[in-house]
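Note: the block below is input_22.csv and it holds CSV, C-alpha atoms.
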chain,number,residue,atom,x,y,z
A,23,MET,CA,0.0,0.0,0.0
A,24,THR,CA,1.4,3.4,-1.0
A,25,GLU,CA,0.0,6.9,-1.0
A,26,ASN,CA,-1.0,6.4,-4.6
A,27,ASP,CA,-3.4,3.7,-3.7
A,28,LEU,CA,-5.5,6.0,-1.5
A,29,ASP,CA,-9.0,7.0,-2.5
A,30,GLY,CA,-8.5,10.2,-4.6
A,31,ILE,CA,-12.0,11.5,-3.9
A,32,ILE,CA,-11.5,11.5,-0.1
A,33,HIS,CA,-7.8,12.4,-0.3
A,34,ALA,CA,-8.4,16.1,-1.0
A,35,PRO,CA,-8.1,17.7,2.5
A,36,ALA,CA,-11.3,19.6,2.3
A,37,ARG,CA,-13.3,16.6,1.2
A,38,LEU,CA,-11.6,14.4,3.9
A,39,ARG,CA,-12.8,16.9,6.5
A,40,ILE,CA,-16.3,16.8,5.1
A,41,VAL,CA,-16.5,13.0,5.0
A,42,ALA,CA,-15.0,12.8,8.5
A,43,THR,CA,-17.6,15.1,9.8
A,44,LEU,CA,-20.5,13.2,8.2
A,45,ALA,CA,-19.0,9.9,9.4
A,46,THR,CA,-19.4,11.2,13.0
A,47,LEU,CA,-23.2,11.1,12.6
A,48,GLY,CA,-25.2,7.9,13.0
A,49,PRO,CA,-26.2,6.1,9.8
A,50,GLY,CA,-29.8,7.3,10.3
A,51,ASP,CA,-28.9,11.0,10.8
A,52,GLU,CA,-28.8,13.9,8.4
A,53,ILE,CA,-27.3,17.4,8.9
A,54,ALA,CA,-28.5,20.7,7.5
A,55,PHE,CA,-26.2,22.5,5.1
A,56,PRO,CA,-25.6,25.7,7.3
A,57,LYS,CA,-24.8,23.5,10.3
A,58,LEU,CA,-22.3,21.5,8.3
A,59,ARG,CA,-20.8,24.7,7.0
A,60,LYS,CA,-20.4,26.0,10.6
A,61,LEU,CA,-18.7,22.8,11.8
A,62,LEU,CA,-16.2,22.9,8.9
A,63,ASP,CA,-15.6,26.7,8.7
A,64,MET,CA,-15.9,26.7,4.9
A,65,THR,CA,-17.5,29.1,2.6
A,66,ALA,CA,-20.9,28.1,1.1
A,67,GLY,CA,-19.5,28.0,-2.4
A,68,ASN,CA,-16.5,26.0,-1.5
A,69,LEU,CA,-18.6,23.5,0.5
A,70,SER,CA,-21.1,23.2,-2.4
A,71,THR,CA,-18.4,22.4,-4.9
A,72,HIS,CA,-16.9,19.6,-2.8
A,73,LEU,CA,-20.3,18.2,-1.9
A,74,ARG,CA,-21.2,18.0,-5.6
A,75,LYS,CA,-18.1,15.9,-6.2
A,76,LEU,CA,-18.9,13.7,-3.3
A,77,GLU,CA,-22.5,13.4,-4.5
A,78,ASP,CA,-21.3,12.5,-8.0
A,79,ALA,CA,-19.2,9.7,-6.5
A,80,GLU,CA,-22.2,8.6,-4.6
A,81,TYR,CA,-20.5,9.1,-1.3
A,82,VAL,CA,-23.0,11.7,-0.1
A,83,GLU,CA,-26.7,11.8,-0.3
A,84,VAL,CA,-28.3,15.2,-0.7
A,85,THR,CA,-32.0,15.8,0.2
A,86,LYS,CA,-33.6,19.0,-0.8
A,87,THR,CA,-36.8,19.9,1.2
A,88,HIS,CA,-38.8,22.7,2.6
A,89,GLU,CA,-39.2,23.8,6.2
A,90,GLY,CA,-42.3,26.0,6.1
A,91,ARG,CA,-41.5,28.1,3.1
A,92,THR,CA,-37.7,28.0,3.4
A,93,PRO,CA,-35.8,25.6,1.3
A,94,ALA,CA,-33.5,23.4,3.3
A,95,THR,CA,-30.8,21.0,2.2
A,96,TYR,CA,-29.8,17.9,4.3
A,97,LEU,CA,-26.7,15.8,3.9
A,98,LYS,CA,-25.7,12.3,4.9
A,99,LEU,CA,-23.0,9.8,4.0
A,100,THR,CA,-24.2,6.9,1.9
A,101,GLU,CA,-23.2,3.3,2.9
A,102,HIS,CA,-20.7,3.5,0.0
A,103,GLY,CA,-19.2,6.7,1.4
A,104,ARG,CA,-19.1,5.4,4.9
A,105,ALA,CA,-17.2,2.3,3.7
A,106,ALA,CA,-14.8,4.4,1.6
A,107,PHE,CA,-14.0,6.5,4.6
A,108,ARG,CA,-13.4,3.5,6.8
A,109,GLU,CA,-11.1,2.0,4.1
A,110,TYR,CA,-9.2,5.3,3.7
A,111,ARG,CA,-8.7,5.5,7.4
A,112,THR,CA,-7.5,1.9,7.6
A,113,ALA,CA,-5.1,2.6,4.7
A,114,LEU,CA,-3.7,5.7,6.5
A,115,ALA,CA,-3.1,3.6,9.6
A,116,GLY,CA,-1.4,1.0,7.4
A,117,LEU,CA,0.9,3.5,5.9
A,118,LEU,CA,1.8,4.8,9.3
A,119,LYS,CA,2.8,1.3,10.4
A,120,GLY,CA,4.7,0.7,7.1
A,121,THR,CA,6.9,3.8,7.5
A,122,GLY,CA,7.6,2.9,11.1
A,123,ALA,CA,6.5,6.4,12.1
B,4,MET,CA,-7.1,25.1,-1.3
B,5,SER,CA,-8.0,24.2,-4.8
B,6,ALA,CA,-11.5,22.9,-5.4
B,7,ASP,CA,-10.1,20.6,-8.0
B,8,HIS,CA,-8.2,18.3,-5.8
B,9,GLY,CA,-10.0,15.3,-6.8
B,10,THR,CA,-7.8,13.9,-9.5
B,11,PRO,CA,-7.5,10.2,-9.2
B,12,SER,CA,-4.6,9.0,-7.1
B,13,GLY,CA,-1.3,8.5,-8.8
B,14,THR,CA,-0.9,12.1,-9.9
B,15,SER,CA,1.0,14.7,-8.0
B,16,SER,CA,-2.0,16.9,-7.4
B,17,GLY,CA,-3.4,14.4,-5.0
B,18,ALA,CA,-0.3,14.7,-2.7
B,19,GLU,CA,0.7,17.3,-0.3
B,20,PRO,CA,3.3,19.8,-1.6
B,21,GLY,CA,6.8,18.3,-1.3
B,22,GLY,CA,6.1,14.8,-2.6
B,23,ASP,CA,6.8,12.4,0.2
B,24,ALA,CA,6.1,15.1,2.7
B,25,PHE,CA,2.7,13.5,2.8
B,26,ASP,CA,2.1,12.6,6.3
B,27,ALA,CA,-0.3,9.8,7.2
B,28,ALA,CA,0.0,10.8,10.9
B,29,ALA,CA,-1.1,14.3,10.2
B,30,ARG,CA,-4.0,13.1,8.1
B,31,LEU,CA,-5.2,10.8,11.0
B,32,ARG,CA,-4.9,13.8,13.4
B,33,MET,CA,-6.9,15.9,11.0
B,34,ILE,CA,-9.7,13.3,11.0
B,35,ASP,CA,-9.7,13.0,14.8
B,36,ASP,CA,-9.7,16.8,15.3
B,37,GLN,CA,-12.6,17.3,12.9
B,38,GLN,CA,-14.6,14.5,14.5
B,39,ALA,CA,-14.0,15.8,18.0
B,40,ARG,CA,-15.0,19.3,16.9
B,41,THR,CA,-18.2,17.8,15.2
B,42,ARG,CA,-19.2,15.9,18.4
B,43,SER,CA,-18.7,19.0,20.6
B,44,GLY,CA,-20.6,21.1,18.1
B,45,LEU,CA,-23.6,18.7,18.0
B,46,GLU,CA,-23.9,17.3,21.5
B,47,PRO,CA,-25.1,19.3,24.5
B,48,ASP,CA,-22.2,20.0,27.0
B,49,SER,CA,-23.2,17.7,29.9
B,50,ARG,CA,-20.8,19.4,32.2
B,51,LEU,CA,-22.7,22.7,31.9
B,52,LEU,CA,-26.1,20.9,32.4
B,53,TYR,CA,-24.9,19.0,35.5
B,54,LEU,CA,-23.5,22.3,36.9
B,55,ALA,CA,-26.7,24.2,36.3
B,56,TRP,CA,-28.9,21.5,37.9
B,57,GLY,CA,-26.5,20.8,40.8
B,58,ALA,CA,-26.3,24.5,41.6
B,59,ALA,CA,-30.1,24.9,41.4
B,60,TRP,CA,-30.8,22.0,43.7
B,61,LEU,CA,-28.1,22.8,46.2
B,62,VAL,CA,-29.0,26.5,46.6
B,63,GLY,CA,-32.8,26.0,46.4
B,64,TYR,CA,-33.0,23.0,48.8
B,65,LEU,CA,-30.5,24.4,51.2
B,66,ALA,CA,-32.6,27.6,51.5
B,67,MET,CA,-35.7,25.3,52.2
B,68,TRP,CA,-33.8,23.4,54.8
B,69,LEU,CA,-32.2,26.3,56.6
B,70,THR,CA,-35.5,28.1,57.1
B,71,SER,CA,-37.3,25.0,58.2
B,72,ARG,CA,-34.8,22.9,60.2
B,73,ASP,CA,-36.5,23.9,63.5
B,74,GLY,CA,-39.5,21.9,62.3
B,75,GLY,CA,-41.6,24.8,61.0
B,76,GLN,CA,-42.7,25.8,57.5
B,77,PRO,CA,-39.9,26.9,55.1
B,78,ALA,CA,-39.8,30.7,54.5
B,79,ALA,CA,-41.7,32.0,51.5
B,80,TRP,CA,-38.4,33.4,50.0
B,81,ALA,CA,-36.9,30.0,50.2
B,82,GLY,CA,-39.8,28.5,48.2
B,83,TRP,CA,-39.4,31.2,45.6
B,84,THR,CA,-35.6,30.7,45.5
B,85,LEU,CA,-36.1,27.0,44.8
B,86,ALA,CA,-38.8,27.6,42.1
B,87,ALA,CA,-36.7,30.3,40.4
B,88,ALA,CA,-33.5,28.1,40.5
B,89,ILE,CA,-35.4,25.1,38.9
B,90,VAL,CA,-37.0,27.3,36.2
B,91,ALA,CA,-33.6,28.9,35.4
B,92,ALA,CA,-31.9,25.4,35.1
B,93,MET,CA,-34.8,24.2,32.9
B,94,VAL,CA,-34.7,27.2,30.6
B,95,PHE,CA,-30.9,26.9,30.3
B,96,THR,CA,-31.1,23.2,29.5
B,97,MET,CA,-33.8,23.6,26.8
B,98,VAL,CA,-32.0,26.6,25.1
B,99,HIS,CA,-28.6,24.9,25.2
B,100,SER,CA,-29.8,21.5,24.0
B,101,ILE,CA,-32.0,22.9,21.2
B,102,ARG,CA,-29.2,25.2,20.0
B,103,ARG,CA,-26.6,22.4,19.9
B,104,THR,CA,-28.9,19.9,18.1
B,105,ALA,CA,-30.5,22.3,15.7
B,106,GLY,CA,-30.0,21.5,12.0
B,107,MET,CA,-30.1,17.7,12.6
B,108,ARG,CA,-32.7,15.3,11.7
B,109,GLY,CA,-33.1,11.5,11.6
B,110,THR,CA,-32.9,8.7,14.2
B,111,SER,CA,-30.8,10.6,16.8
B,112,ALA,CA,-32.8,13.8,16.6
B,113,ARG,CA,-36.0,11.8,17.0
B,114,ALA,CA,-34.7,9.9,20.0
B,115,GLY,CA,-33.5,13.2,21.5
B,116,ALA,CA,-36.9,14.9,21.0
B,117,MET,CA,-38.7,11.9,22.5
B,118,TYR,CA,-36.4,12.0,25.5
B,119,GLY,CA,-37.0,15.7,26.0
B,120,TRP,CA,-40.8,15.2,25.8
B,121,GLY,CA,-40.5,12.4,28.3
B,122,TRP,CA,-39.3,14.9,31.0
B,123,MET,CA,-42.2,17.2,30.2
B,124,LEU,CA,-44.8,14.4,30.4
B,125,GLY,CA,-43.3,13.1,33.6
B,126,PHE,CA,-43.5,16.4,35.4
B,127,LEU,CA,-47.0,17.1,34.0
B,128,THR,CA,-48.1,13.8,35.4
B,129,MET,CA,-46.5,14.6,38.8
B,130,TRP,CA,-48.5,17.8,38.9
B,131,ALA,CA,-51.7,15.8,38.3
B,132,ILE,CA,-50.8,13.3,41.0
B,133,LEU,CA,-50.1,16.1,43.6
B,134,ASN,CA,-53.4,17.7,42.8
B,135,GLY,CA,-55.1,14.4,43.3
B,136,LEU,CA,-53.4,14.0,46.7
B,137,ILE,CA,-54.5,17.5,47.7
B,138,ARG,CA,-58.1,16.7,46.8
B,139,ALA,CA,-57.8,13.5,48.8
B,140,GLY,CA,-57.0,15.6,51.8
B,141,ALA,CA,-53.2,15.4,51.9
B,142,GLY,CA,-51.6,18.1,54.2
B,143,ASP,CA,-48.6,20.3,53.5
B,144,GLU,CA,-46.1,17.9,54.9
B,145,MET,CA,-47.4,14.9,52.8
B,146,ILE,CA,-47.4,17.1,49.7
B,147,ALA,CA,-43.9,18.3,50.3
B,148,VAL,CA,-42.5,14.8,50.9
B,149,ALA,CA,-44.4,13.3,47.9
B,150,ALA,CA,-43.4,16.2,45.6
B,151,ASN,CA,-39.7,15.7,46.3
B,152,GLY,CA,-39.8,12.0,46.2
B,153,ILE,CA,-41.8,11.8,42.9
B,154,ALA,CA,-39.6,14.5,41.3
B,155,CYS,CA,-36.5,12.6,42.2
B,156,LEU,CA,-38.0,9.4,41.0
B,157,ILE,CA,-38.8,10.9,37.6
B,158,VAL,CA,-35.2,12.3,37.3
B,159,GLY,CA,-33.8,8.9,38.3
B,160,LEU,CA,-35.9,6.9,35.8
B,161,MET,CA,-35.3,9.4,33.0
B,162,TYR,CA,-31.6,9.1,33.5
B,163,LEU,CA,-31.8,5.3,33.4
B,164,GLY,CA,-33.7,5.7,30.1
B,165,GLY,CA,-31.2,8.2,28.8
B,166,GLY,CA,-28.3,5.8,29.7
B,167,MET,CA,-30.0,3.1,27.7
B,168,VAL,CA,-30.9,5.2,24.7
B,169,PHE,CA,-27.6,7.1,24.4
B,170,GLN,CA,-25.5,4.1,25.7
B,171,ASP,CA,-24.0,6.3,28.4
B,172,ASN,CA,-22.9,4.5,31.6
B,173,GLY,CA,-22.3,7.7,33.5
B,174,LEU,CA,-25.9,8.8,32.9
B,175,TYR,CA,-27.2,5.4,34.0
B,176,ALA,CA,-25.1,5.5,37.2
B,177,LEU,CA,-26.5,9.0,38.0
B,178,GLY,CA,-30.0,7.6,37.5
B,179,VAL,CA,-29.3,4.9,40.1
B,180,TRP,CA,-28.0,7.6,42.5
B,181,MET,CA,-31.1,9.7,42.0
B,182,LEU,CA,-33.3,6.8,42.8
B,183,VAL,CA,-31.4,6.2,46.0
B,184,THR,CA,-31.8,10.0,46.7
B,185,ALA,CA,-35.5,9.7,46.1
B,186,ALA,CA,-35.8,6.8,48.6
B,187,VAL,CA,-33.7,8.4,51.3
B,188,ALA,CA,-35.3,11.8,51.0
B,189,THR,CA,-38.8,10.3,51.4
B,190,LEU,CA,-37.9,8.0,54.3
B,191,VAL,CA,-36.1,10.7,56.2
B,192,GLY,CA,-39.1,13.0,56.2
B,193,LEU,CA,-39.2,16.7,56.8
B,194,PRO,CA,-37.2,18.8,57.4
B,195,GLY,CA,-34.4,16.4,56.6
B,196,THR,CA,-35.9,15.7,53.1
B,197,ASN,CA,-34.7,19.1,52.0
B,198,LEU,CA,-31.1,18.5,53.2
B,199,VAL,CA,-31.0,15.2,51.5
B,200,MET,CA,-32.3,16.7,48.2
B,201,ALA,CA,-29.6,19.5,48.5
B,202,LEU,CA,-26.6,17.2,49.4
B,203,LEU,CA,-27.3,13.9,47.7
B,204,GLY,CA,-29.3,15.3,44.8
B,205,GLY,CA,-27.6,18.6,44.1
B,206,GLY,CA,-24.2,17.2,45.3
B,207,GLY,CA,-24.8,14.2,43.0
B,208,PHE,CA,-25.2,16.4,39.9
B,209,LEU,CA,-22.1,18.4,40.8
B,210,ALA,CA,-20.0,15.3,41.4
B,211,MET,CA,-21.2,13.9,38.1
B,212,GLY,CA,-20.3,17.2,36.4
B,213,ALA,CA,-16.8,17.1,38.0
B,214,VAL,CA,-16.2,13.5,36.9
B,215,THR,CA,-17.4,14.3,33.4
B,216,ALA,CA,-15.0,17.3,33.2
B,217,VAL,CA,-12.0,15.2,34.4
B,218,VAL,CA,-12.8,12.3,31.9
B,219,GLN,CA,-13.1,14.8,29.0
B,220,ALA,CA,-9.9,16.6,30.0
B,221,ARG,CA,-8.0,13.3,30.2
B,222,ARG,CA,-9.3,12.3,26.8
B,223,GLN,CA,-8.2,15.6,25.4
B,224,VAL,CA,-4.7,15.2,26.8
B,225,GLY,CA,-4.5,11.7,25.5
B,226,HIS,CA,-5.5,12.9,22.1
B,227,ASP,CA,-3.1,15.9,21.8
Using the file provided, produce a representation of the structure as structure tokens.
Amino acid sequence: MTENDLDGIIHAPARLRIVATLATLGPGDEIAFPKLRKLLDMTAGNLSTHLRKLEDAEYVEVTKTHEGRTPATYLKLTEHGRAAFREYRTALAGLLKGTGA
Amino acid sequence: MSADHGTPSGTSSGAEPGGDAFDAAARLRMIDDQQARTRSGLEPDSRLLYLAWGAAWLVGYLAMWLTSRDGGQPAAWAGWTLAAAIVAAMVFTMVHSIRRTAGMRGTSARAGAMYGWGWMLGFLTMWAILNGLIRAGAGDEMIAVAANGIACLIVGLMYLGGGMVFQDNGLYALGVWMLVTAAVATLVGLPGTNLVMALLGGGGFLAMGAVTAVVQARRQVGHD
């Protein structure tokens, strides 16, 4: 296992932080976009861009809904995304052992 | 940070600057930091809640005990102090918990809401029971003993439930402690009931807050 074998979608630091945040939630939980933005300290535009990539890879599930008259967006990790994060993390731990660090 | 960092692995853009400067340990730390930040941003801070309730019970019930330990009725100001302290702790708990958990939906949010309503329903029922006792001719002393015992029983059972739902051993232990407090406070009778509520009840909350703070601080040190 080398760095080159790591999942390229999660490897980008911003997306790693997003996936790590979503992985903290239970499998049955969703988080609203503004709340996620606050936990990550990212701009709305930046977060949207990364979320779209994660959605395209089917790592993240996006639900658009209305609360009263206000549109709201909720996000959660898919099973696929959760497994990918778990694998990425295991790979990191493996690399760490491999280098003897 | 470039938004276009998602090139498949194997190209240099996926790596940190400096080639093999890529640091798996730093990546793992980044994950842990972000997950710790997420948890503290979404879960109510139990240290603050225990402190609020411990202070409220300690101050309120001590006032009740100090003005009634000669065997008479507690002073009116003591009753108001207890009521104000309980209401303040309740408002703080609701505002803090709702703020922390806002923006979440799904299984956990639903369990949390059901837990919150459980408290409300428990105390509404207690109010009905006390009214029934008054109608049945219960005097002041019986009402005071029953009110404290039932309140403490509700707290104890809700904590047992919370410990089960949120898989929190500390919360479950506090529930057991509160049931002991309910039993002792009721068996001791007035005016000792108030002292038991202040020391075992209020003290129990404060001790739990201190234990939680120490455990969290240790976890933080181990993590850094």
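With the cut-off set to 7 Å and all atoms listed in the file counted, chain A residues close to chain B are Asn26, Asp27, Leu28, Asp29, Gly30, Ile31, His33, Ala34, Arg39, Ala42, Thr43, Thr46, Gly50, Asp51, Glu52, Ile53, Ala54, Lys57, Leu61, Thr71, His72, Leu114, Leu117 and Leu118 of chain A.
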Selection to disk with C-alpha atoms, as an mmCIF file, in the coordinates of the input:
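Generated output (part02.cif):
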data_model
loop_
_atom_site.group_PDB
_atom_site.id
_atom_site.type_symbol
_atom_site.label_atom_id
_atom_site.label_comp_id
_atom_site.auth_asym_id
_atom_site.auth_seq_id
_atom_site.Cartn_x
_atom_site.Cartn_y
_atom_site.Cartn_z
ATOM 1 C CA ASN A 26 -1.000 6.400 -4.600
ATOM 2 C CA ASP A 27 -3.400 3.700 -3.700
ATOM 3 C CA LEU A 28 -5.500 6.000 -1.500
ATOM 4 C CA ASP A 29 -9.000 7.000 -2.500
ATOM 5 C CA GLY A 30 -8.500 10.200 -4.600
ATOM 6 C CA ILE A 31 -12.000 11.500 -3.900
ATOM 7 C CA HIS A 33 -7.800 12.400 -0.300
ATOM 8 C CA ALA A 34 -8.400 16.100 -1.000
ATOM 9 C CA ARG A 39 -12.800 16.900 6.500
ATOM 10 C CA ALA A 42 -15.000 12.800 8.500
ATOM 11 C CA THR A 43 -17.600 15.100 9.800
ATOM 12 C CA THR A 46 -19.400 11.200 13.000
ATOM 13 C CA GLY A 50 -29.800 7.300 10.300
ATOM 14 C CA ASP A 51 -28.900 11.000 10.800
ATOM 15 C CA GLU A 52 -28.800 13.900 8.400
ATOM 16 C CA ILE A 53 -27.300 17.400 8.900
ATOM 17 C CA ALA A 54 -28.500 20.700 7.500
ATOM 18 C CA LYS A 57 -24.800 23.500 10.300
ATOM 19 C CA LEU A 61 -18.700 22.800 11.800
ATOM 20 C CA THR A 71 -18.400 22.400 -4.900
ATOM 21 C CA HIS A 72 -16.900 19.600 -2.800
ATOM 22 C CA LEU A 114 -3.700 5.700 6.500
ATOM 23 C CA LEU A 117 0.900 3.500 5.900
ATOM 24 C CA LEU A 118 1.800 4.800 9.300
#
Spatial neighbours of Gly75 in chain B, 12 Å, all atoms listed in the file, chain gap at least 2 places, as a PyMOL selection string: chain B and resi 67-73+77-79+143-144+193-195
Env of Lys86 in chain A: 12 Å cut, atoms = only C-alpha atoms, seq-sep filter 2 positions within chain, self excluded. Answer as a ChimeraX atom specification. /A:52-55,83-84,88-89,92-98
Need to verify the contact set: range 178-180 of chain B, 6 Å, all atoms listed in the file, exclusion of same-chain residues closer than 6 positions in sequence. Can you return it as a PyMOL selection string? chain B and resi 159+162-163
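Interatomic distance, CA of Val41 in chain A against CA of Thr100 in chain A: 10.3 Å.
When all atoms listed in the file are used to measure the gap to Met64 in chain A, the shortest distance among A:Ala36, A:Ala115, A:Leu44, A:Gly103 belongs to A:Ala36.
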What is the CA of Gly115 in chain B to CA of Ile101 in chain B distance in Å? 9.8 Å
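In this model, the gap between CA of Ala92 in chain B and CA of Trp56 in chain B comes to 5.7 Å.
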Given the point (-33.0, 9.5, 47.4) in the coordinates of this file, which residues lie within 8 Å, counting all atoms listed in the file, and how would they look as JSON, numbers by chain? {"B": [152, 155, 180, 181, 182, 183, 184, 185, 186, 187, 188, 189, 199, 200, 203, 204]}
Leu202 in chain B surroundings by only C-alpha atoms, 9 Å radius, close-in-sequence under 4 positions cut, as a list in words: Trp60, Leu61, Tyr64, Leu65, Asn197, Leu198, Gly206 and Gly207 of chain B
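Nearest residue to Ala149 in chain B, choosing from B:Ala176, B:Met211, B:Leu190, B:Ala220 and counting only C-alpha atoms: B:Leu190.
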